[in-house]
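Working notes for the structure below.
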Amino acid sequence: MLQNQIKEEKSLLQRGWWLILLIVLSLIVPFIITEFYLTILCEALVMSLLALSFNLLFGYMGQLSFGQAAFYGLGGYTVAMLMTKAQFNFWLSLIAGPVLAAIIGLIVGFFCVRLRGIYFAILTLAFGELIFFIVFKWHNFTGGDDGIQGVFPPEFLKSLISYYYFILIVFLLSAFILWKIIHSPFGQTIISMRENSERTEFLGINIARYQLIAFVIAAAFAGLAGAIWVPFYRSVAPSYLTWIKSGEPVMAAILGGPSLFFGPILGMFIMTFFHAWVLGFTVYWPVVMGALILVVIFFLPGGILGFIHEKVNQRRERLNQLMEK
Amino acid sequence: MSFDILFNQFMSGIARAALLFLVASGLSLTFGVLRVLNFAHGSLYMLGAFISYSIWKFLLMPVLGFYIAAIVAALVMAALGLLIEFVLLRRLYSRGWPEQLLATYAIVLMITDLVKWAWGGKFLSIQRPKPFTGAVFLFDFPFPSYNFFVIGLGLILVVFLWWLVYRTRLGDIIRAAASDREMVAALGIPIPWLFTLIFVLGSMIAGLSGAVTAPFGSVALGMDIEIIVECFAVVVIGGMGSLPGTLLGSFIVGQVYSFGIMFKPELALAFIFMVMAVVLIIRPWGIFGRPER
Amino acid sequence: MFLQTQGITKEFGKLRAVNNVTLEIKKGDIHAIIGPNGAGKSTYFNLVTGYHRATSGKVLFRDKEITNLPAYSRCNLGITRSFQITSIYPKLTVYESVLMGLLSHRKVTLNFFSSAKKFFKEEVWRTLEDVGLADQANTLGDSISHGDKKRLELAITLGTEPELLCLDEPTCGMSPEETDIAMSLIKKFSEERGLTILFTEHDMSVVFGIAKRISVLHQGTLIADGTPQEVRASEEVQKVYLGGSA
């Protein structure tokens, strides 16, 4: 029996010392920064969850979805409507949000996975627009372009700091679950689908089915992000579901680097703070986003983390070559 | 539900189909040859509409104003298309479809803000140009004669494209490049310039279509996404990268839209999606499309 | 009955690539499909493995009709194939690639929470050793030599523990040494793992070296089918393929 060992995935503890540091930091940060920045941090965490859900489809499965905002918005609207119109309790509504998003994701995904690549991408945009359109027009049910106001979290979560911790916990748990999914046999399957879809199909995998499952998972987490954000902001509006909003997790993923788990998180943090800064002096955020996308495509393919990863590997290669001499 | 009303709606559907074909044909052409799905095609359409409005407003010429504005808008969009292809798209042909799609998506974002900045969030329209200001009576129901102009333009485009693609040497090159661009390049045809030409042609048609739609009264932000979604429905239903498919898809979507509006206006878009959904289930590659294997 | 095609035909528009081929593959055989270029070998292959849908005719596998089954279903029934243009995972390691076949076959791909790398370690290492790629387990798929890629693809397909393994030109592009290794591997797997092997080839030494049965296609039609001796002796085959001489 050969003594070979495969490159064991170092446990989270071994190579994740910086992660532990970050988590500790995130626990004490409310006492260090001002309320203004804490609010932005809350938004960054929620949107990072959205970005992670997107990257399950993009970085790991290789498909572009331009409609994630629709599920984000659906999750938010579910919470808003259940709490204000049906007097549901906060926790039940919070669960209902991602569940509804997942159900709609199942229906939409069923049609989208019949096509691949570019067609899949535009179909997701099209369905996203349809959902936006329905929410926007259905004034009696969803409030139309007025949105829904007066969505309040329970008493003990009303303060900024306490809701921050709530968001942090949901985020960390969700990120952990997504991490597990990606490293599971299911995750390995969708990675293989991205790497060589035909080969995987001929190994017995029903590609459309697995894409659909991934799509539903992504929709659920996007819905969760919307669900936890709405009580924070106390309201929801159709702007949550636009195609421009759908572009934000896309932007974040390619900025931070879609090939690494933390890429979208880094990208979204940068984007959220940058967005807050830009909004300080102009309302023209889309043009900034567009320009940034072009800059990343041309000068930073692979995103920030991808770039760093390349450099580290190159250095390692060079060292190996030197050592062999 | 008398025959006259139905016929009227049918003709409206044809007008809508003509407009859709005007826009979708440019998209189909670009995709067929360059293999790039130009997301920003709808943006060029929108920009063409806004530009033609401003020129028309500026010229204040009662008869020729509209036509000049339309032609200028088309030319400006052709120039913009040239800029986009030369500066951006060219460098991305060697990259994958995600980068190409993302780049055109970035352009959509930028153009949408450009329009917002230059024209604000208003709803604009152009007056119908002479001699198409009135209505023609079809079976006692008034049918705007401008629709005939649009239908006529659509027919001219069909004939022009058919002639171009099937009866000229350029068309032979286009069809060859659509199948095997390396072979065509190996034969000494300058592929980069061919691509530029096709993209510019597509952009020009998009700009012209935008100008043509302006008299319908719906020049506003959001028309870029609206039209691209409808164009996409056309292409899904009719078949990918196929000109007859685009024609058929335009016809179907046009009719569904027209009768959908008559039935329940808010749901017109939903009806189009339903048809698209049905096609996706029974024949995902479209009516005139061919399956991948 | 193991695998049978009954009157199978495939038309691409007006071109009839495979014409009414009725053929039986017996369990445990190493069965070769040969023929000059354009004979329809690859198309026939594609019809058996589900890459193409037949225009008419039937494909039966172990008394079950599979004519309209999609490729992934056929794989789940026990038919796996390799491709003429080697189809592997360029950015996955050799180990991960072989693992994928096993994950699929052993039906754990809907497991969302366990770590993928913990599964089937023994089986993966055994396969890697059998094909001789164990020392490159951590190398990325696109960093290995062409011959190794072909072996990798073989290893990947073995992960699905097939009953019928279809190899499309398995020694294409290989040097004589690599060809010999590949041949002995194929023979070994046929015996050790009880695989039935269906393959197409251009290299006649490989065909006559290991095939137990040979079928000859010409312009889509089956013109000979039997043992190597029978095929060699067939006049029809000699005329079409071997240029008139024995």
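Going through the structure tokens in order, the chains are called A, B, and so on, while each chain numbers its residues from 1 and the ligands are numbered from 1 in the order shown.
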Run DSSP on the backbone and tell me which residues of stretch 44-255 of chain A come out as strand (DSSP E); list them as JSON, numbers by chain.
{"A": [148, 149, 235, 236]}
Please, could you write that set of residues out with C-alpha atoms as a PDB file, in the first residue's frame?
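As a result, out25.pdb now contains:
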ATOM      1  CA  ILE A 148     -44.056  48.575   2.461  1.00  0.00           C
ATOM      2  CA  GLN A 149     -43.142  50.440   5.618  1.00  0.00           C
ATOM      3  CA  SER A 235     -39.140  48.961   4.961  1.00  0.00           C
ATOM      4  CA  VAL A 236     -38.919  47.358   1.552  1.00  0.00           C
TER       5      VAL A 236
END
DSSP on the backbone, alpha helix (DSSP H) only: what residues of stretch 228-274 of chain B does that give? Format it as a PyMOL selection string.
chain B and resi 228-238+243-263+268-274
Cut-off 8 Å: closest stretch 107-166 of chain C/stretch 189-197 of chain C atom pairs per residue, using only C-alpha atoms, as JSON lines:
{"residue": "C:Pro162", "atom": "CA", "partner": "C:Leu195", "partner_atom": "CA", "distance": 7.1}
{"residue": "C:Glu163", "atom": "CA", "partner": "C:Leu195", "partner_atom": "CA", "distance": 5.4}
{"residue": "C:Leu164", "atom": "CA", "partner": "C:Thr196", "partner_atom": "CA", "distance": 4.8}
{"residue": "C:Leu165", "atom": "CA", "partner": "C:Ile197", "partner_atom": "CA", "distance": 4.9}
{"residue": "C:Cys166", "atom": "CA", "partner": "C:Ile197", "partner_atom": "CA", "distance": 6.0}
Excluding same-chain residues fewer than 4 positions from stretch 137-150 of chain C, what lies within 8 Å of it counting only C-alpha atoms, as a ChimeraX atom specification?
/A:6-7 /C:86,88-95,97,128,133,154,170-171,173-174,178
Could the residues in this selection be saved with N, CA and C atoms as a PDB file, in the first residue's frame?
ATOM      1  N   ILE A   6      -2.786  12.591  -0.175  1.00  0.00           N
ATOM      2  CA  ILE A   6      -3.236  13.713  -0.979  1.00  0.00           C
ATOM      3  C   ILE A   6      -3.084  14.980  -0.148  1.00  0.00           C
ATOM      4  N   LYS A   7      -3.016  16.097  -0.836  1.00  0.00           N
ATOM      5  CA  LYS A   7      -2.915  17.366  -0.127  1.00  0.00           C
ATOM      6  C   LYS A   7      -4.162  17.506   0.740  1.00  0.00           C
TER       7      LYS A   7
ATOM      8  N   THR C  86      -9.527  13.785 -25.786  1.00  0.00           N
ATOM      9  CA  THR C  86      -9.537  13.456 -24.364  1.00  0.00           C
ATOM     10  C   THR C  86     -10.327  14.449 -23.538  1.00  0.00           C
ATOM     11  N   ILE C  88     -11.083  15.463 -19.946  1.00  0.00           N
ATOM     12  CA  ILE C  88     -10.768  15.332 -18.523  1.00  0.00           C
ATOM     13  C   ILE C  88     -11.046  16.673 -17.847  1.00  0.00           C
ATOM     14  N   TYR C  89     -10.669  16.779 -16.604  1.00  0.00           N
ATOM     15  CA  TYR C  89     -10.867  18.029 -15.877  1.00  0.00           C
ATOM     16  C   TYR C  89      -9.552  18.789 -15.788  1.00  0.00           C
ATOM     17  N   PRO C  90      -9.378  19.822 -16.604  1.00  0.00           N
ATOM     18  CA  PRO C  90      -8.064  20.491 -16.655  1.00  0.00           C
ATOM     19  C   PRO C  90      -7.628  21.114 -15.330  1.00  0.00           C
ATOM     20  N   LYS C  91      -8.593  21.684 -14.601  1.00  0.00           N
ATOM     21  CA  LYS C  91      -8.164  22.392 -13.395  1.00  0.00           C
ATOM     22  C   LYS C  91      -8.442  21.615 -12.107  1.00  0.00           C
ATOM     23  N   LEU C  92      -8.803  20.366 -12.231  1.00  0.00           N
ATOM     24  CA  LEU C  92      -8.924  19.539 -11.034  1.00  0.00           C
ATOM     25  C   LEU C  92      -7.689  18.641 -10.968  1.00  0.00           C
ATOM     26  N   THR C  93      -7.339  18.205  -9.775  1.00  0.00           N
ATOM     27  CA  THR C  93      -6.194  17.308  -9.691  1.00  0.00           C
ATOM     28  C   THR C  93      -6.601  15.922 -10.186  1.00  0.00           C
ATOM     29  N   VAL C  94      -5.591  15.122 -10.487  1.00  0.00           N
ATOM     30  CA  VAL C  94      -5.820  13.754 -10.942  1.00  0.00           C
ATOM     31  C   VAL C  94      -6.691  13.022  -9.924  1.00  0.00           C
ATOM     32  N   TYR C  95      -6.362  13.196  -8.666  1.00  0.00           N
ATOM     33  CA  TYR C  95      -7.122  12.527  -7.603  1.00  0.00           C
ATOM     34  C   TYR C  95      -8.593  12.932  -7.632  1.00  0.00           C
ATOM     35  N   SER C  97     -10.283  14.184  -9.992  1.00  0.00           N
ATOM     36  CA  SER C  97     -10.956  13.760 -11.211  1.00  0.00           C
ATOM     37  C   SER C  97     -11.461  12.335 -11.087  1.00  0.00           C
ATOM     38  N   LEU C 128      -5.830   4.632  -9.276  1.00  0.00           N
ATOM     39  CA  LEU C 128      -4.659   5.407  -9.678  1.00  0.00           C
ATOM     40  C   LEU C 128      -3.430   4.505  -9.827  1.00  0.00           C
ATOM     41  N   LEU C 133      -0.932   6.267 -12.286  1.00  0.00           N
ATOM     42  CA  LEU C 133      -0.897   7.723 -12.129  1.00  0.00           C
ATOM     43  C   LEU C 133      -0.806   8.133 -10.667  1.00  0.00           C
ATOM     44  N   LEU C 154      -9.251   7.231 -18.703  1.00  0.00           N
ATOM     45  CA  LEU C 154      -9.598   5.837 -18.433  1.00  0.00           C
ATOM     46  C   LEU C 154      -9.886   5.650 -16.948  1.00  0.00           C
ATOM     47  N   PRO C 170      -8.839   4.865 -28.151  1.00  0.00           N
ATOM     48  CA  PRO C 170      -8.083   5.009 -26.899  1.00  0.00           C
ATOM     49  C   PRO C 170      -6.597   5.253 -27.081  1.00  0.00           C
ATOM     50  N   THR C 171      -6.030   4.867 -28.230  1.00  0.00           N
ATOM     51  CA  THR C 171      -4.589   5.084 -28.368  1.00  0.00           C
ATOM     52  C   THR C 171      -4.273   6.208 -29.341  1.00  0.00           C
ATOM     53  N   GLY C 173      -2.997   9.316 -30.893  1.00  0.00           N
ATOM     54  CA  GLY C 173      -1.945  10.268 -30.542  1.00  0.00           C
ATOM     55  C   GLY C 173      -0.890   9.702 -29.610  1.00  0.00           C
ATOM     56  N   MET C 174      -0.910   8.395 -29.388  1.00  0.00           N
ATOM     57  CA  MET C 174       0.074   7.828 -28.456  1.00  0.00           C
ATOM     58  C   MET C 174       1.284   7.290 -29.205  1.00  0.00           C
ATOM     59  N   GLU C 178       3.565   3.998 -25.366  1.00  0.00           N
ATOM     60  CA  GLU C 178       2.329   4.331 -24.657  1.00  0.00           C
ATOM     61  C   GLU C 178       1.185   3.437 -25.125  1.00  0.00           C
TER      62      GLU C 178
END
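Closest approach to B:Ser250 from the set B:Val76, B:Val36, B:Val165, B:Val158 is made by B:Val158, with distances taken over only C-alpha atoms.
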Residue contacts of B:Met223 (10 Å, only C-alpha atoms) excluding same-chain residues fewer than 2 positions away, as a list in words:
Gly42, Ser43, Tyr45, Met46, Leu47, Ala49, Thr112, Gly210, Ser218, Val219, Ala220, Leu221, Ile225, Glu226, Ile227, Ile228 and Val229 of chain B
Go through chain A and flag each residue having an atom no more than 8 Å from chain B; for those, report the closest pair of atoms plus their distance in Å to one decimal, using only C-alpha atoms, ordered by chain and rising number, as a tab-separated table.
residue	atom	partner	partner_atom	distance
A:Leu64	CA	B:Pro98	CA	7.2
A:Phe111	CA	B:Leu280	CA	6.5
A:Arg114	CA	B:Pro284	CA	6.4
A:Leu115	CA	B:Pro284	CA	7.0
A:Gly117	CA	B:Trp97	CA	7.7
A:Ile118	CA	B:Trp97	CA	7.0
A:Ile122	CA	B:Phe232	CA	7.6
A:Leu123	CA	B:Phe232	CA	7.9
A:Leu125	CA	B:Val229	CA	7.8
A:Ala126	CA	B:Val229	CA	5.4
A:Leu130	CA	B:Ala270	CA	7.1
A:Lys137	CA	B:Glu266	CA	7.4
A:Ile244	CA	B:Leu109	CA	7.6
A:Tyr284	CA	B:Asp113	CA	6.3
A:Pro286	CA	B:Leu109	CA	5.2
A:Val287	CA	B:Met110	CA	4.2
A:Val288	CA	B:Met110	CA	7.7
A:Met289	CA	B:Ala106	CA	7.3
A:Gly290	CA	B:Ala106	CA	4.0
A:Ala291	CA	B:Ala106	CA	6.7
A:Ile293	CA	B:Ala106	CA	6.1
A:Leu294	CA	B:Ala103	CA	6.1
A:Ile297	CA	B:Glu99	CA	6.6
For the selection you just gave me, I'd like the residues written to a file as a PDB file, in the first residue's frame, keeping N, CA and C atoms.
ATOM      1  N   LEU A  64     -23.671  32.447 -14.898  1.00  0.00           N
ATOM      2  CA  LEU A  64     -23.956  33.816 -14.480  1.00  0.00           C
ATOM      3  C   LEU A  64     -25.447  33.977 -14.239  1.00  0.00           C
ATOM      4  N   PHE A 111     -37.074  26.582 -15.624  1.00  0.00           N
ATOM      5  CA  PHE A 111     -36.991  27.040 -17.012  1.00  0.00           C
ATOM      6  C   PHE A 111     -35.574  27.445 -17.395  1.00  0.00           C
ATOM      7  N   ARG A 114     -32.863  24.813 -18.592  1.00  0.00           N
ATOM      8  CA  ARG A 114     -32.997  24.138 -19.879  1.00  0.00           C
ATOM      9  C   ARG A 114     -32.033  24.723 -20.889  1.00  0.00           C
ATOM     10  N   LEU A 115     -31.413  25.849 -20.521  1.00  0.00           N
ATOM     11  CA  LEU A 115     -30.414  26.456 -21.398  1.00  0.00           C
ATOM     12  C   LEU A 115     -29.138  26.676 -20.601  1.00  0.00           C
ATOM     13  N   GLY A 117     -25.043  28.740 -20.302  1.00  0.00           N
ATOM     14  CA  GLY A 117     -24.175  29.848 -20.687  1.00  0.00           C
ATOM     15  C   GLY A 117     -24.895  31.172 -20.805  1.00  0.00           C
ATOM     16  N   ILE A 118     -24.702  31.801 -21.956  1.00  0.00           N
ATOM     17  CA  ILE A 118     -25.243  33.136 -22.183  1.00  0.00           C
ATOM     18  C   ILE A 118     -26.763  33.125 -22.051  1.00  0.00           C
ATOM     19  N   ILE A 122     -29.164  35.438 -19.574  1.00  0.00           N
ATOM     20  CA  ILE A 122     -30.196  36.400 -19.965  1.00  0.00           C
ATOM     21  C   ILE A 122     -31.574  35.949 -19.500  1.00  0.00           C
ATOM     22  N   LEU A 123     -31.817  34.654 -19.465  1.00  0.00           N
ATOM     23  CA  LEU A 123     -33.090  34.174 -18.934  1.00  0.00           C
ATOM     24  C   LEU A 123     -33.262  34.585 -17.485  1.00  0.00           C
ATOM     25  N   LEU A 125     -31.981  37.172 -16.101  1.00  0.00           N
ATOM     26  CA  LEU A 125     -32.290  38.598 -16.133  1.00  0.00           C
ATOM     27  C   LEU A 125     -33.759  38.809 -16.476  1.00  0.00           C
ATOM     28  N   ALA A 126     -34.233  38.087 -17.475  1.00  0.00           N
ATOM     29  CA  ALA A 126     -35.612  38.234 -17.929  1.00  0.00           C
ATOM     30  C   ALA A 126     -36.598  37.890 -16.815  1.00  0.00           C
ATOM     31  N   LEU A 130     -39.310  40.138 -14.793  1.00  0.00           N
ATOM     32  CA  LEU A 130     -40.726  39.772 -14.680  1.00  0.00           C
ATOM     33  C   LEU A 130     -41.183  39.873 -13.232  1.00  0.00           C
ATOM     34  N   LYS A 137     -46.088  46.421 -10.156  1.00  0.00           N
ATOM     35  CA  LYS A 137     -47.411  46.790 -10.669  1.00  0.00           C
ATOM     36  C   LYS A 137     -48.555  46.419  -9.740  1.00  0.00           C
ATOM     37  N   ILE A 244     -30.295  46.340 -11.748  1.00  0.00           N
ATOM     38  CA  ILE A 244     -29.102  47.030 -11.272  1.00  0.00           C
ATOM     39  C   ILE A 244     -28.678  46.433  -9.934  1.00  0.00           C
ATOM     40  N   TYR A 284     -25.236  59.011  -9.360  1.00  0.00           N
ATOM     41  CA  TYR A 284     -24.952  58.173 -10.524  1.00  0.00           C
ATOM     42  C   TYR A 284     -24.042  57.007 -10.175  1.00  0.00           C
ATOM     43  N   PRO A 286     -24.712  53.638 -10.980  1.00  0.00           N
ATOM     44  CA  PRO A 286     -24.548  52.636 -12.045  1.00  0.00           C
ATOM     45  C   PRO A 286     -23.344  52.891 -12.954  1.00  0.00           C
ATOM     46  N   VAL A 287     -23.093  54.153 -13.289  1.00  0.00           N
ATOM     47  CA  VAL A 287     -21.979  54.389 -14.204  1.00  0.00           C
ATOM     48  C   VAL A 287     -20.652  54.040 -13.505  1.00  0.00           C
ATOM     49  N   VAL A 288     -20.602  54.300 -12.202  1.00  0.00           N
ATOM     50  CA  VAL A 288     -19.399  53.930 -11.449  1.00  0.00           C
ATOM     51  C   VAL A 288     -19.236  52.407 -11.429  1.00  0.00           C
ATOM     52  N   MET A 289     -20.362  51.717 -11.195  1.00  0.00           N
ATOM     53  CA  MET A 289     -20.329  50.253 -11.187  1.00  0.00           C
ATOM     54  C   MET A 289     -19.870  49.712 -12.520  1.00  0.00           C
ATOM     55  N   GLY A 290     -20.432  50.295 -13.601  1.00  0.00           N
ATOM     56  CA  GLY A 290     -20.060  49.840 -14.940  1.00  0.00           C
ATOM     57  C   GLY A 290     -18.575  50.028 -15.192  1.00  0.00           C
ATOM     58  N   ALA A 291     -18.087  51.216 -14.825  1.00  0.00           N
ATOM     59  CA  ALA A 291     -16.664  51.485 -15.048  1.00  0.00           C
ATOM     60  C   ALA A 291     -15.801  50.517 -14.249  1.00  0.00           C
ATOM     61  N   ILE A 293     -16.570  47.469 -13.280  1.00  0.00           N
ATOM     62  CA  ILE A 293     -16.620  46.146 -13.899  1.00  0.00           C
ATOM     63  C   ILE A 293     -15.610  46.066 -15.039  1.00  0.00           C
ATOM     64  N   LEU A 294     -15.571  47.123 -15.862  1.00  0.00           N
ATOM     65  CA  LEU A 294     -14.633  47.123 -16.991  1.00  0.00           C
ATOM     66  C   LEU A 294     -13.198  47.113 -16.501  1.00  0.00           C
ATOM     67  N   ILE A 297     -12.383  43.625 -15.351  1.00  0.00           N
ATOM     68  CA  ILE A 297     -12.254  42.678 -16.465  1.00  0.00           C
ATOM     69  C   ILE A 297     -10.918  42.833 -17.153  1.00  0.00           C
TER      70      ILE A 297
END
Find the residues of chain C that sit at most 10 Å from chain B; for each, write down the nearest two atoms and how far apart they are in Å, to one decimal. Count only C-alpha atoms. Sort by chain, then by number going up, and give it as CSV.
residue,atom,partner,partner_atom,distance
C:Tyr51,CA,B:Arg293,CA,7.2
C:His52,CA,B:Arg293,CA,6.4
C:Arg53,CA,B:Arg293,CA,8.4
What's around C:Asn46 at 12 Å? Count only C-alpha atoms, leave out sequence neighbours fewer than 3 positions away in its own chain, and write the answer as a ChimeraX atom specification.
/A:202 /B:293 /C:8-10,17-18,40-43,49-54,59,67,70-71,74,79-84,166-168,198-200
With distances taken over only C-alpha atoms, which residue among C:Ala134, C:Ile33, C:Ile181, C:Leu60 lies nearest chain A?
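Of the candidates, the smallest distance to chain A is held by C:Ala134.
Of the residues listed (C:Glu123, C:Asp135, C:Asp63, C:Asp130), C:Asp135 shows the shortest atom-to-atom separation from chain A; distances use only C-alpha atoms.
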Show me, as a ChimeraX atom specification, the residues of chain A whose atoms get within 6 Å of chain C, using only C-alpha atoms for the distance check.
/A:180-181,183-186,195-196,201-206
Keeping only C-alpha atoms, write the selected residues as a CSV table (one decimal), in the first residue's frame.
chain,number,residue,atom,x,y,z
A,180,LYS,CA,-19.8,22.9,3.8
A,181,ILE,CA,-22.0,22.6,0.7
A,183,HIS,CA,-16.8,21.1,-0.1
A,184,SER,CA,-19.4,18.3,-0.1
A,185,PRO,CA,-19.9,15.7,-2.8
A,186,PHE,CA,-22.6,17.9,-4.2
A,195,GLU,CA,-14.8,22.3,-15.3
A,196,ASN,CA,-16.1,20.0,-17.9
A,201,GLU,CA,-22.7,14.3,-17.8
A,202,PHE,CA,-21.1,11.2,-19.1
A,203,LEU,CA,-20.3,10.1,-15.6
A,204,GLY,CA,-23.9,9.8,-14.9
A,205,ILE,CA,-24.9,13.3,-13.7
A,206,ASN,CA,-28.1,14.9,-14.8
Can you work out the spacing between atom CA of B:Phe50 and atom CA of B:Ile261 in Å, to one decimal?
24.9 Å
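Between atom CA of A:Ala218 and atom CA of A:Thr84 the separation is 26.5 Å.
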